[in-house]
$ cat upload_25.pdb   # PDB, C-alpha atoms
ATOM      1  CA  MET O 177       7.364  -2.642 -13.817
ATOM      2  CA  LYS O 178       4.653  -0.006 -13.305
ATOM      3  CA  LYS O 179       6.773   1.563 -10.575
ATOM      4  CA  ILE O 180       9.615   2.581 -12.897
ATOM      5  CA  PRO O 181       7.636   5.274 -14.785
ATOM      6  CA  LEU O 182       6.225   6.509 -11.467
ATOM      7  CA  LEU O 183       9.722   6.708 -10.014
ATOM      8  CA  ILE O 184      11.053   8.533 -13.053
ATOM      9  CA  ILE O 185       8.132  10.973 -12.859
ATOM     10  CA  SER O 186       8.853  11.470  -9.152
ATOM     11  CA  ILE O 187      12.497  12.213  -9.905
ATOM     12  CA  CYS O 188      11.410  14.549 -12.652
ATOM     13  CA  LEU O 189       9.127  16.368 -10.218
ATOM     14  CA  LEU O 190      11.923  16.435  -7.661
ATOM     15  CA  VAL O 191      14.308  17.915 -10.195
ATOM     16  CA  GLY O 192      11.680  20.310 -11.507
ATOM     17  CA  CYS O 193      11.036  19.189 -15.070
ATOM     18  CA  SER O 194       8.680  21.423 -17.032
ATOM     19  CA  GLU O 195       7.927  22.405 -20.572
ATOM     20  CA  GLU O 196       9.491  25.799 -20.056
ATOM     21  CA  ASN O 197      12.699  24.121 -18.928
ATOM     22  CA  GLN O 198      13.403  21.947 -22.009
ATOM     23  CA  PRO O 199      17.242  22.144 -22.083
ATOM     24  CA  SER O 200      17.515  20.935 -18.523
ATOM     25  CA  GLN O 201      14.946  18.200 -19.164
ATOM     26  CA  THR O 202      17.527  16.343 -21.245
ATOM     27  CA  VAL O 203      20.011  16.698 -18.389
ATOM     28  CA  ASN O 204      17.382  15.503 -15.906
ATOM     29  CA  ASN O 205      16.683  12.447 -18.065
ATOM     30  CA  GLU O 206      20.404  11.644 -18.077
ATOM     31  CA  VAL O 207      20.551  11.939 -14.292
ATOM     32  CA  ASN O 208      17.371   9.856 -13.897
ATOM     33  CA  ASN O 209      18.744   7.100 -16.134
ATOM     34  CA  PHE O 210      22.024   7.189 -14.227
ATOM     35  CA  VAL O 211      20.284   6.798 -10.858
ATOM     36  CA  GLN O 212      17.979   4.094 -12.222
ATOM     37  CA  SER O 213      20.928   2.049 -13.426
ATOM     38  CA  THR O 214      23.238   2.578 -10.455
ATOM     39  CA  ALA O 215      20.960   2.952  -7.418
ATOM     40  CA  PRO O 216      17.342   1.905  -7.989
ATOM     41  CA  ASN O 217      16.827   1.742  -4.201
ATOM     42  CA  LEU O 218      17.501   5.448  -4.073
ATOM     43  CA  LEU O 219      14.646   6.047  -6.499
ATOM     44  CA  THR O 220      12.326   4.142  -4.175
ATOM     45  CA  LYS O 221      13.394   6.313  -1.241
ATOM     46  CA  ILE O 222      12.938   9.497  -3.260
ATOM     47  CA  ASP O 223       9.483   8.310  -4.303
ATOM     48  CA  ASN O 224       8.598   7.589  -0.646
ATOM     49  CA  LEU O 225       9.862  11.028   0.347
ATOM     50  CA  SER O 226       7.732  12.674  -2.348
ATOM     51  CA  LYS O 227       4.672  10.690  -1.255
ATOM     52  CA  THR O 228       5.238  11.662   2.368
ATOM     53  CA  ILE O 229       5.494  15.333   1.427
ATOM     54  CA  GLY O 230       2.215  14.941  -0.495
ATOM     55  CA  GLU O 231       0.555  13.385   2.553
ATOM     56  CA  VAL O 232       1.793  16.236   4.748
ATOM     57  CA  ASP O 233       0.488  18.771   2.208
ATOM     58  CA  THR O 234      -2.920  17.084   2.330
ATOM     59  CA  LYS O 235      -2.990  17.297   6.127
ATOM     60  CA  ILE O 236      -2.016  20.965   6.052
ATOM     61  CA  GLN O 237      -4.710  21.650   3.458
ATOM     62  CA  LYS O 238      -7.404  19.853   5.496
ATOM     63  CA  LEU O 239      -6.411  21.680   8.673
ATOM     64  CA  THR O 240      -6.406  25.021   6.839
ATOM     65  CA  GLU O 241      -9.863  24.322   5.405
ATOM     66  CA  LEU O 242     -11.114  23.397   8.880
ATOM     67  CA  GLN O 243      -9.579  26.551  10.300
ATOM     68  CA  ASN O 244     -11.248  28.640   7.584
ATOM     69  CA  ARG O 245     -14.641  27.085   8.377
ATOM     70  CA  PHE O 246     -14.213  27.625  12.116
ATOM     71  CA  PRO O 247     -11.998  30.713  12.531
ATOM     72  CA  ASP O 248     -12.872  31.011  16.218
ATOM     73  CA  GLN O 249     -11.131  27.670  16.809
ATOM     74  CA  LYS O 250      -7.795  28.832  15.448
ATOM     75  CA  GLN O 251      -6.092  28.061  18.756
ATOM     76  CA  VAL O 252      -6.791  24.368  18.059
ATOM     77  CA  THR O 253      -5.868  24.203  14.376
ATOM     78  CA  GLN O 254      -3.001  26.682  14.041
ATOM     79  CA  PRO O 255      -0.515  24.846  16.309
ATOM     80  CA  ARG O 256      -1.090  21.675  14.291
ATOM     81  CA  ILE O 257      -0.698  23.540  11.014
ATOM     82  CA  ASN O 258       2.574  24.966  12.333
ATOM     83  CA  LYS O 259       3.831  21.496  13.307
ATOM     84  CA  TRP O 260       2.983  20.036   9.899
ATOM     85  CA  ASN O 261       4.618  22.994   8.168
ATOM     86  CA  ARG O 262       7.816  22.274  10.114
ATOM     87  CA  VAL O 263       7.664  18.628   9.032
ATOM     88  CA  ARG O 264       7.125  19.710   5.422
ATOM     89  CA  THR O 265      10.027  22.169   5.558
ATOM     90  CA  GLN O 266      12.357  19.497   6.912
ATOM     91  CA  LEU O 267      11.308  16.929   4.316
ATOM     92  CA  THR O 268      11.577  19.433   1.463
ATOM     93  CA  ARG O 269      15.033  20.496   2.613
ATOM     94  CA  THR O 270      16.131  16.854   2.700
ATOM     95  CA  GLN O 271      14.626  16.289  -0.743
ATOM     96  CA  LYS O 272      16.534  19.248  -2.217
ATOM     97  CA  ASP O 273      19.762  18.148  -0.560
ATOM     98  CA  ILE O 274      19.397  14.634  -1.943
ATOM     99  CA  GLN O 275      18.813  16.009  -5.441
ATOM    100  CA  PHE O 276      21.881  18.233  -5.139
ATOM    101  CA  GLN O 277      23.994  15.261  -4.050
ATOM    102  CA  ILE O 278      22.645  13.105  -6.894
ATOM    103  CA  GLU O 279      23.551  15.760  -9.435
ATOM    104  CA  ARG O 280      27.008  16.115  -7.902
ATOM    105  CA  ALA O 281      27.571  12.363  -8.030
ATOM    106  CA  TYR O 282      26.449  12.299 -11.648
ATOM    107  CA  VAL O 283      28.853  15.097 -12.575
ATOM    108  CA  ILE O 284      31.687  13.274 -10.811
ATOM    109  CA  TYR O 285      30.720  10.101 -12.640
ATOM    110  CA  LYS O 286      30.683  11.842 -16.024
ATOM    111  CA  THR O 287      33.908  13.721 -15.264
ATOM    112  CA  GLU O 288      35.740  10.549 -14.405
ATOM    113  CA  GLN O 289      34.039   8.576 -17.194
ATOM    114  CA  GLU O 290      33.215   5.512 -15.122
ATOM    115  CA  ILE O 291      36.763   5.027 -13.811
ATOM    116  CA  GLU O 292      35.983   5.837 -10.193
ATOM    117  CA  GLY O 293      32.554   7.411 -10.457
ATOM    118  CA  THR O 294      30.438   4.287 -10.131
ATOM    119  CA  GLU O 295      32.107   3.266  -6.893
ATOM    120  CA  GLN O 296      31.923   6.784  -5.605
ATOM    121  CA  PHE O 297      28.237   7.071  -6.524
ATOM    122  CA  THR O 298      27.461   3.762  -4.841
ATOM    123  CA  ALA O 299      28.867   5.153  -1.586
ATOM    124  CA  THR O 300      27.010   8.431  -2.123
ATOM    125  CA  ALA O 301      23.776   6.571  -2.910
ATOM    126  CA  LYS O 302      24.034   4.593   0.325
ATOM    127  CA  ALA O 303      24.466   7.809   2.300
ATOM    128  CA  LEU O 304      21.516   9.407   0.494
ATOM    129  CA  ILE O 305      19.320   6.371   1.152
ATOM    130  CA  GLU O 306      20.194   6.618   4.843
ATOM    131  CA  LYS O 307      19.377  10.337   4.780
ATOM    132  CA  ALA O 308      16.021   9.673   3.114
ATOM    133  CA  ASP O 309      15.276   6.900   5.639
ATOM    134  CA  GLU O 310      16.130   9.242   8.482
ATOM    135  CA  ALA O 311      13.852  11.965   7.103
ATOM    136  CA  LEU O 312      11.009   9.494   6.642
ATOM    137  CA  ASN O 313      11.484   8.110  10.164
ATOM    138  CA  ILE O 314      11.447  11.621  11.620
ATOM    139  CA  ALA O 315       8.303  12.422   9.649
ATOM    140  CA  LYS O 316       6.687   9.194  10.850
ATOM    141  CA  SER O 317       7.595   9.951  14.481
ATOM    142  CA  MET O 318       6.321  13.499  14.211
ATOM    143  CA  THR O 319       3.126  12.229  12.583
ATOM    144  CA  GLU O 320       2.551   9.830  15.462
ATOM    145  CA  VAL O 321       3.184  12.562  18.053
ATOM    146  CA  ILE O 322       0.937  15.044  16.286
ATOM    147  CA  GLU O 323      -1.850  12.530  15.785
ATOM    148  CA  GLU O 324      -1.504  11.285  19.346
ATOM    149  CA  SER O 325      -1.731  14.822  20.716
ATOM    150  CA  ALA O 326      -4.879  15.355  18.626
ATOM    151  CA  HIS O 327      -6.626  12.656  20.658
ATOM    152  CA  TYR O 328      -6.138  14.529  23.926
TER     153      TYR O 328
END
$ encode --input "upload_25.pdb" --output "C-alpha coordinates"
Amino acid sequence: MKKIPLLIISICLLVGCSEENQPSQTVNNEVNNFVQSTAPNLLTKIDNLSKTIGEVDTKIQKLTELQNRFPDQKQVTQPRINKWNRVRTQLTRTQKDIQFQIERAYVIYKTEQEIEGTEQFTATAKALIEKADEALNIAKSMTEVIEESAHY
(Lines of atoms letter the chains of each structure in order from A and count residues from 1; the text may use other names and numbers.)
(Lines give C-alpha, C1' and ligand atoms only; values in the text may rest on other atoms or scores of the structure.)
Protein backbone atom coordinates (compact mmCIF):
# COMPACT_ATOMS: atom_id res chain seq x y z
CA MET A 1 0.00 0.00 0.00
CA LYS A 2 3.00 2.29 0.57
CA LYS A 3 3.84 2.02 -3.12
CA ILE A 4 0.67 3.76 -4.31
CA PRO A 5 1.59 7.23 -2.97
CA LEU A 6 5.13 6.77 -4.29
CA LEU A 7 3.77 5.82 -7.70
CA ILE A 8 1.40 8.78 -7.75
CA ILE A 9 4.27 11.08 -6.77
CA SER A 10 6.39 9.56 -9.54
CA ILE A 11 3.62 10.18 -12.07
CA CYS A 12 3.26 13.68 -10.74
CA LEU A 13 6.99 14.26 -11.19
CA LEU A 14 6.80 12.72 -14.65
CA VAL A 15 3.94 15.01 -15.59
CA GLY A 16 5.60 18.01 -13.97
CA CYS A 17 3.33 18.92 -11.07
CA SER A 18 4.32 22.08 -9.22
CA GLU A 19 2.79 24.79 -7.14
CA GLU A 20 3.10 27.26 -9.97
CA ASN A 21 1.14 24.91 -12.20
CA GLN A 22 -2.05 24.53 -10.11
CA PRO A 23 -4.66 24.32 -12.92
CA SER A 24 -2.85 21.46 -14.58
CA GLN A 25 -2.36 19.72 -11.23
CA THR A 26 -6.07 18.90 -11.17
CA VAL A 27 -5.76 17.49 -14.68
CA ASN A 28 -2.69 15.50 -13.66
CA ASN A 29 -4.57 14.05 -10.68
CA GLU A 30 -7.37 12.97 -13.03
CA VAL A 31 -4.87 11.29 -15.35
CA ASN A 32 -3.07 9.65 -12.40
CA ASN A 33 -6.34 8.28 -11.01
CA PHE A 34 -7.29 7.03 -14.46
CA VAL A 35 -3.98 5.18 -14.90
CA GLN A 36 -4.14 3.81 -11.36
CA SER A 37 -7.58 2.35 -11.97
CA THR A 38 -7.02 1.05 -15.50
CA ALA A 39 -3.34 0.08 -15.68
CA PRO A 40 -1.56 -0.14 -12.32
CA ASN A 41 1.25 -2.14 -13.97
CA LEU A 42 2.01 0.90 -16.07
CA LEU A 43 2.53 2.95 -12.92
CA THR A 44 5.08 0.39 -11.73
CA LYS A 45 6.95 0.65 -15.03
CA ILE A 46 6.90 4.44 -14.92
CA ASP A 47 8.21 4.33 -11.35
CA ASN A 48 11.02 1.96 -12.43
CA LEU A 49 11.86 4.26 -15.32
CA SER A 50 12.03 7.26 -12.99
CA LYS A 51 14.24 5.35 -10.55
CA THR A 52 16.56 4.28 -13.37
CA ILE A 53 16.88 7.87 -14.56
CA GLY A 54 17.72 8.86 -10.97
CA GLU A 55 20.40 6.17 -10.81
CA VAL A 56 21.89 7.37 -14.10
CA ASP A 57 21.87 10.96 -12.82
CA THR A 58 23.76 9.83 -9.72
CA LYS A 59 26.39 8.09 -11.85
CA ILE A 60 26.80 11.17 -14.04
CA GLN A 61 27.13 13.36 -10.96
CA LYS A 62 29.77 11.08 -9.38
CA LEU A 63 31.76 10.93 -12.62
CA THR A 64 31.56 14.71 -13.00
CA GLU A 65 32.76 15.22 -9.42
CA LEU A 66 35.63 12.80 -10.05
CA GLN A 67 36.49 14.62 -13.26
CA ASN A 68 36.47 17.96 -11.43
CA ARG A 69 38.84 16.59 -8.77
CA PHE A 70 41.19 15.12 -11.36
CA PRO A 71 40.89 17.31 -14.48
CA ASP A 72 44.03 15.80 -16.01
CA GLN A 73 42.21 12.45 -16.20
CA LYS A 74 39.38 13.77 -18.34
CA GLN A 75 40.17 11.25 -21.07
CA VAL A 76 39.06 8.52 -18.64
CA THR A 77 35.94 10.14 -17.21
CA GLN A 78 34.52 12.12 -20.13
CA PRO A 79 33.76 9.14 -22.41
CA ARG A 80 31.84 7.51 -19.55
CA ILE A 81 29.97 10.72 -18.81
CA ASN A 82 29.05 10.91 -22.49
CA LYS A 83 27.78 7.32 -22.49
CA TRP A 84 25.65 7.88 -19.39
CA ASN A 85 24.29 11.11 -20.85
CA ARG A 86 23.17 9.17 -23.93
CA VAL A 87 21.44 6.61 -21.70
CA ARG A 88 19.75 9.42 -19.77
CA THR A 89 18.61 11.14 -22.97
CA GLN A 90 17.10 7.92 -24.28
CA LEU A 91 15.31 7.15 -21.02
CA THR A 92 14.00 10.71 -20.69
CA ARG A 93 12.72 10.66 -24.26
CA THR A 94 10.92 7.38 -23.58
CA GLN A 95 9.49 8.80 -20.36
CA LYS A 96 8.11 11.87 -22.16
CA ASP A 97 6.67 9.74 -24.95
CA ILE A 98 4.93 7.47 -22.45
CA GLN A 99 3.43 10.48 -20.67
CA PHE A 100 2.21 11.90 -23.98
CA GLN A 101 0.58 8.58 -24.87
CA ILE A 102 -1.04 8.32 -21.43
CA GLU A 103 -2.53 11.78 -21.79
CA ARG A 104 -3.77 10.93 -25.28
CA ALA A 105 -5.39 7.73 -24.05
CA TYR A 106 -7.04 9.62 -21.21
CA VAL A 107 -8.44 12.23 -23.61
CA ILE A 108 -9.76 9.47 -25.86
CA TYR A 109 -11.29 7.78 -22.83
CA LYS A 110 -12.97 10.99 -21.67
CA THR A 111 -14.10 11.86 -25.20
CA GLU A 112 -15.75 8.51 -25.67
CA GLN A 113 -17.04 8.42 -22.08
CA GLU A 114 -16.04 4.84 -21.35
CA ILE A 115 -17.74 3.38 -24.43
CA GLU A 116 -14.56 2.32 -26.20
CA GLY A 117 -11.91 4.18 -24.24
CA THR A 118 -11.21 1.57 -21.59
CA GLU A 119 -10.51 -1.13 -24.15
CA GLN A 120 -8.46 1.25 -26.20
CA PHE A 121 -6.46 2.36 -23.15
CA THR A 122 -5.83 -1.24 -22.14
CA ALA A 123 -4.20 -1.85 -25.53
CA THR A 124 -2.29 1.43 -25.26
CA ALA A 125 -1.17 0.59 -21.71
CA LYS A 126 0.20 -2.77 -22.86
CA ALA A 127 2.19 -1.06 -25.60
CA LEU A 128 3.50 1.54 -23.14
CA ILE A 129 4.51 -1.15 -20.65
CA GLU A 130 6.44 -2.90 -23.42
CA LYS A 131 8.09 0.40 -24.35
CA ALA A 132 9.07 1.04 -20.73
CA ASP A 133 10.41 -2.53 -20.43
CA GLU A 134 12.43 -2.06 -23.59
CA ALA A 135 13.90 1.21 -22.32
CA LEU A 136 14.78 -0.36 -18.99
CA ASN A 137 16.37 -3.38 -20.69
CA ILE A 138 18.44 -1.10 -22.94
CA ALA A 139 19.52 0.92 -19.91
CA LYS A 140 20.44 -2.28 -18.06
CA SER A 141 22.45 -3.57 -21.04
CA MET A 142 24.23 -0.25 -21.45
CA THR A 143 24.95 -0.17 -17.71
CA GLU A 144 26.51 -3.62 -17.89
CA VAL A 145 28.63 -2.66 -20.91
CA ILE A 146 29.76 0.60 -19.35
CA GLU A 147 30.56 -0.99 -16.01
CA GLU A 148 32.30 -3.90 -17.71
CA SER A 149 34.45 -1.54 -19.78
CA ALA A 150 35.38 0.31 -16.57
CA HIS A 151 37.09 -2.83 -15.31
CA TYR A 152 39.50 -2.94 -18.24
$ resolve_selection --input "upload_25.pdb" --expression "the PyMOL selection byres ((chain O and resi 235-237) around 9)" --output "ChimeraX atom specification"
/O:230-234,238-242,256-258,260-261
$ write_last_selection --input "upload_25.pdb" --atoms "C-alpha atoms" --output "mmCIF file, in the frame of the given file"
data_model
loop_
_atom_site.group_PDB
_atom_site.id
_atom_site.type_symbol
_atom_site.label_atom_id
_atom_site.label_comp_id
_atom_site.auth_asym_id
_atom_site.auth_seq_id
_atom_site.Cartn_x
_atom_site.Cartn_y
_atom_site.Cartn_z
ATOM 1 C CA GLY O 230 2.215 14.941 -0.495
ATOM 2 C CA GLU O 231 0.555 13.385 2.553
ATOM 3 C CA VAL O 232 1.793 16.236 4.748
ATOM 4 C CA ASP O 233 0.488 18.771 2.208
ATOM 5 C CA THR O 234 -2.920 17.084 2.330
ATOM 6 C CA LYS O 238 -7.404 19.853 5.496
ATOM 7 C CA LEU O 239 -6.411 21.680 8.673
ATOM 8 C CA THR O 240 -6.406 25.021 6.839
ATOM 9 C CA GLU O 241 -9.863 24.322 5.405
ATOM 10 C CA LEU O 242 -11.114 23.397 8.880
ATOM 11 C CA ARG O 256 -1.090 21.675 14.291
ATOM 12 C CA ILE O 257 -0.698 23.540 11.014
ATOM 13 C CA ASN O 258 2.574 24.966 12.333
ATOM 14 C CA TRP O 260 2.983 20.036 9.899
ATOM 15 C CA ASN O 261 4.618 22.994 8.168
#
$ atom_distance --input "upload_25.pdb" --atom1 "CA of Asp309 in chain O" --atom2 "CA of Asn224 in chain O"
9.2 Å
$ resolve_selection --input "upload_25.pdb" --expression "the PyMOL selection byres ((chain O and resi 305) around 12)" --output "tab-separated table (two decimals) with C-alpha atoms, in the coordinates of the input"
chain	number	residue	atom	x	y	z
O	215	ALA	CA	20.96	2.95	-7.42
O	216	PRO	CA	17.34	1.90	-7.99
O	217	ASN	CA	16.83	1.74	-4.20
O	218	LEU	CA	17.50	5.45	-4.07
O	219	LEU	CA	14.65	6.05	-6.50
O	220	THR	CA	12.33	4.14	-4.18
O	221	LYS	CA	13.39	6.31	-1.24
O	222	ILE	CA	12.94	9.50	-3.26
O	223	ASP	CA	9.48	8.31	-4.30
O	224	ASN	CA	8.60	7.59	-0.65
O	225	LEU	CA	9.86	11.03	0.35
O	270	THR	CA	16.13	16.85	2.70
O	271	GLN	CA	14.63	16.29	-0.74
O	273	ASP	CA	19.76	18.15	-0.56
O	274	ILE	CA	19.40	14.63	-1.94
O	275	GLN	CA	18.81	16.01	-5.44
O	277	GLN	CA	23.99	15.26	-4.05
O	278	ILE	CA	22.64	13.10	-6.89
O	297	PHE	CA	28.24	7.07	-6.52
O	298	THR	CA	27.46	3.76	-4.84
O	299	ALA	CA	28.87	5.15	-1.59
O	300	THR	CA	27.01	8.43	-2.12
O	301	ALA	CA	23.78	6.57	-2.91
O	302	LYS	CA	24.03	4.59	0.32
O	303	ALA	CA	24.47	7.81	2.30
O	304	LEU	CA	21.52	9.41	0.49
O	306	GLU	CA	20.19	6.62	4.84
O	307	LYS	CA	19.38	10.34	4.78
O	308	ALA	CA	16.02	9.67	3.11
O	309	ASP	CA	15.28	6.90	5.64
O	310	GLU	CA	16.13	9.24	8.48
O	311	ALA	CA	13.85	11.96	7.10
O	312	LEU	CA	11.01	9.49	6.64
$ atom_distance --input "upload_25.pdb" --atom1 "CA of Glu279 in chain O" --atom2 "CA of Lys227 in chain O"
21.2 Å
$ atom_distance --input "upload_25.pdb" --atom1 "CA of Ser226 in chain O" --atom2 "CA of Val211 in chain O"
16.3 Å
$ resolve_selection --input "upload_25.pdb" --expression "the PyMOL selection byres ((chain O and resi 282) around 8)" --output "NGL selection string"
:O and (207 or 210 or 278-281 or 283-286 or 293 or 297)
$ axis_aligned_box --input "upload_25.pdb" --around "range 301-319 of chain O" --padding-each-side "8 Å" --output "JSON"
{"center_x": 13.8, "center_y": 9.0, "center_z": 5.8, "size_x": 37.3, "size_y": 24.9, "size_z": 33.4}
$ residues_around --input "upload_25.pdb" --residues "Lys259 in chain O" --least-positions-apart "3" --cutoff "10 Å" --atoms "all atoms listed in the file" --output "ChimeraX atom specification"
/O:236,254-256,262-265,318-319,322
$ build_atoms --input "upload_25.pdb" --residues "range 300-311 of chain O" --atoms "all heavy atoms" --output "tab-separated table (two decimals), in the coordinates of the input"
chain	number	residue	atom	x	y	z
O	300	THR	N	27.88	7.26	-2.27
O	300	THR	CA	27.01	8.43	-2.12
O	300	THR	C	25.56	7.99	-2.05
O	300	THR	O	24.79	8.50	-1.23
O	300	THR	CB	27.21	9.41	-3.31
O	300	THR	OG1	28.58	9.82	-3.32
O	300	THR	CG2	26.32	10.62	-3.18
O	301	ALA	N	25.16	7.06	-2.89
O	301	ALA	CA	23.78	6.57	-2.91
O	301	ALA	C	23.40	5.96	-1.56
O	301	ALA	O	22.31	6.20	-1.05
O	301	ALA	CB	23.58	5.55	-4.03
O	302	LYS	N	24.31	5.19	-0.98
O	302	LYS	CA	24.03	4.59	0.32
O	302	LYS	C	23.81	5.68	1.37
O	302	LYS	O	22.89	5.59	2.17
O	302	LYS	CB	25.18	3.68	0.75
O	302	LYS	CG	25.22	2.37	0.00
O	302	LYS	CD	26.38	1.51	0.44
O	302	LYS	CE	26.46	0.25	-0.38
O	302	LYS	NZ	27.61	-0.58	-0.04
O	303	ALA	N	24.63	6.71	1.34
O	303	ALA	CA	24.47	7.81	2.30
O	303	ALA	C	23.15	8.53	2.07
O	303	ALA	O	22.45	8.91	3.02
O	303	ALA	CB	25.64	8.79	2.18
O	304	LEU	N	22.77	8.73	0.81
O	304	LEU	CA	21.52	9.41	0.49
O	304	LEU	C	20.31	8.56	0.90
O	304	LEU	O	19.31	9.10	1.39
O	304	LEU	CB	21.45	9.75	-0.99
O	304	LEU	CG	22.47	10.79	-1.47
O	304	LEU	CD1	22.40	10.94	-2.97
O	304	LEU	CD2	22.25	12.12	-0.78
O	305	ILE	N	20.41	7.26	0.72
O	305	ILE	CA	19.32	6.37	1.15
O	305	ILE	C	19.15	6.46	2.66
O	305	ILE	O	18.03	6.55	3.17
O	305	ILE	CB	19.60	4.92	0.70
O	305	ILE	CG1	19.42	4.82	-0.83
O	305	ILE	CG2	18.69	3.93	1.42
O	305	ILE	CD1	19.91	3.52	-1.42
O	306	GLU	N	20.26	6.48	3.39
O	306	GLU	CA	20.19	6.62	4.84
O	306	GLU	C	19.57	7.96	5.23
O	306	GLU	O	18.76	8.02	6.15
O	306	GLU	CB	21.58	6.48	5.46
O	306	GLU	CG	22.13	5.07	5.39
O	306	GLU	CD	23.57	4.98	5.88
O	306	GLU	OE1	24.10	5.94	6.47
O	306	GLU	OE2	24.18	3.91	5.65
O	307	LYS	N	19.93	9.01	4.50
O	307	LYS	CA	19.38	10.34	4.78
O	307	LYS	C	17.88	10.36	4.52
O	307	LYS	O	17.10	10.91	5.31
O	307	LYS	CB	20.08	11.39	3.92
O	307	LYS	CG	19.65	12.80	4.20
O	307	LYS	CD	20.45	13.77	3.36
O	307	LYS	CE	21.00	14.83	4.27
O	307	LYS	NZ	21.91	15.73	3.65
O	308	ALA	N	17.45	9.74	3.43
O	308	ALA	CA	16.02	9.67	3.11
O	308	ALA	C	15.28	8.85	4.17
O	308	ALA	O	14.20	9.23	4.62
O	308	ALA	CB	15.81	9.08	1.73
O	309	ASP	N	15.88	7.72	4.58
O	309	ASP	CA	15.28	6.90	5.64
O	309	ASP	C	15.12	7.70	6.93
O	309	ASP	O	14.09	7.64	7.59
O	309	ASP	CB	16.13	5.66	5.92
O	309	ASP	CG	15.89	4.55	4.94
O	309	ASP	OD1	14.84	4.54	4.28
O	309	ASP	OD2	16.78	3.66	4.84
O	310	GLU	N	16.16	8.44	7.27
O	310	GLU	CA	16.13	9.24	8.48
O	310	GLU	C	15.01	10.29	8.41
O	310	GLU	O	14.25	10.47	9.36
O	310	GLU	CB	17.49	9.94	8.66
O	310	GLU	CG	17.63	10.70	9.96
O	310	GLU	CD	19.01	11.31	10.08
O	310	GLU	OE1	20.01	10.58	9.91
O	310	GLU	OE2	19.07	12.52	10.35
O	311	ALA	N	14.90	10.96	7.28
O	311	ALA	CA	13.85	11.96	7.10
O	311	ALA	C	12.47	11.34	7.20
O	311	ALA	O	11.56	11.88	7.84
O	311	ALA	CB	14.02	12.69	5.77
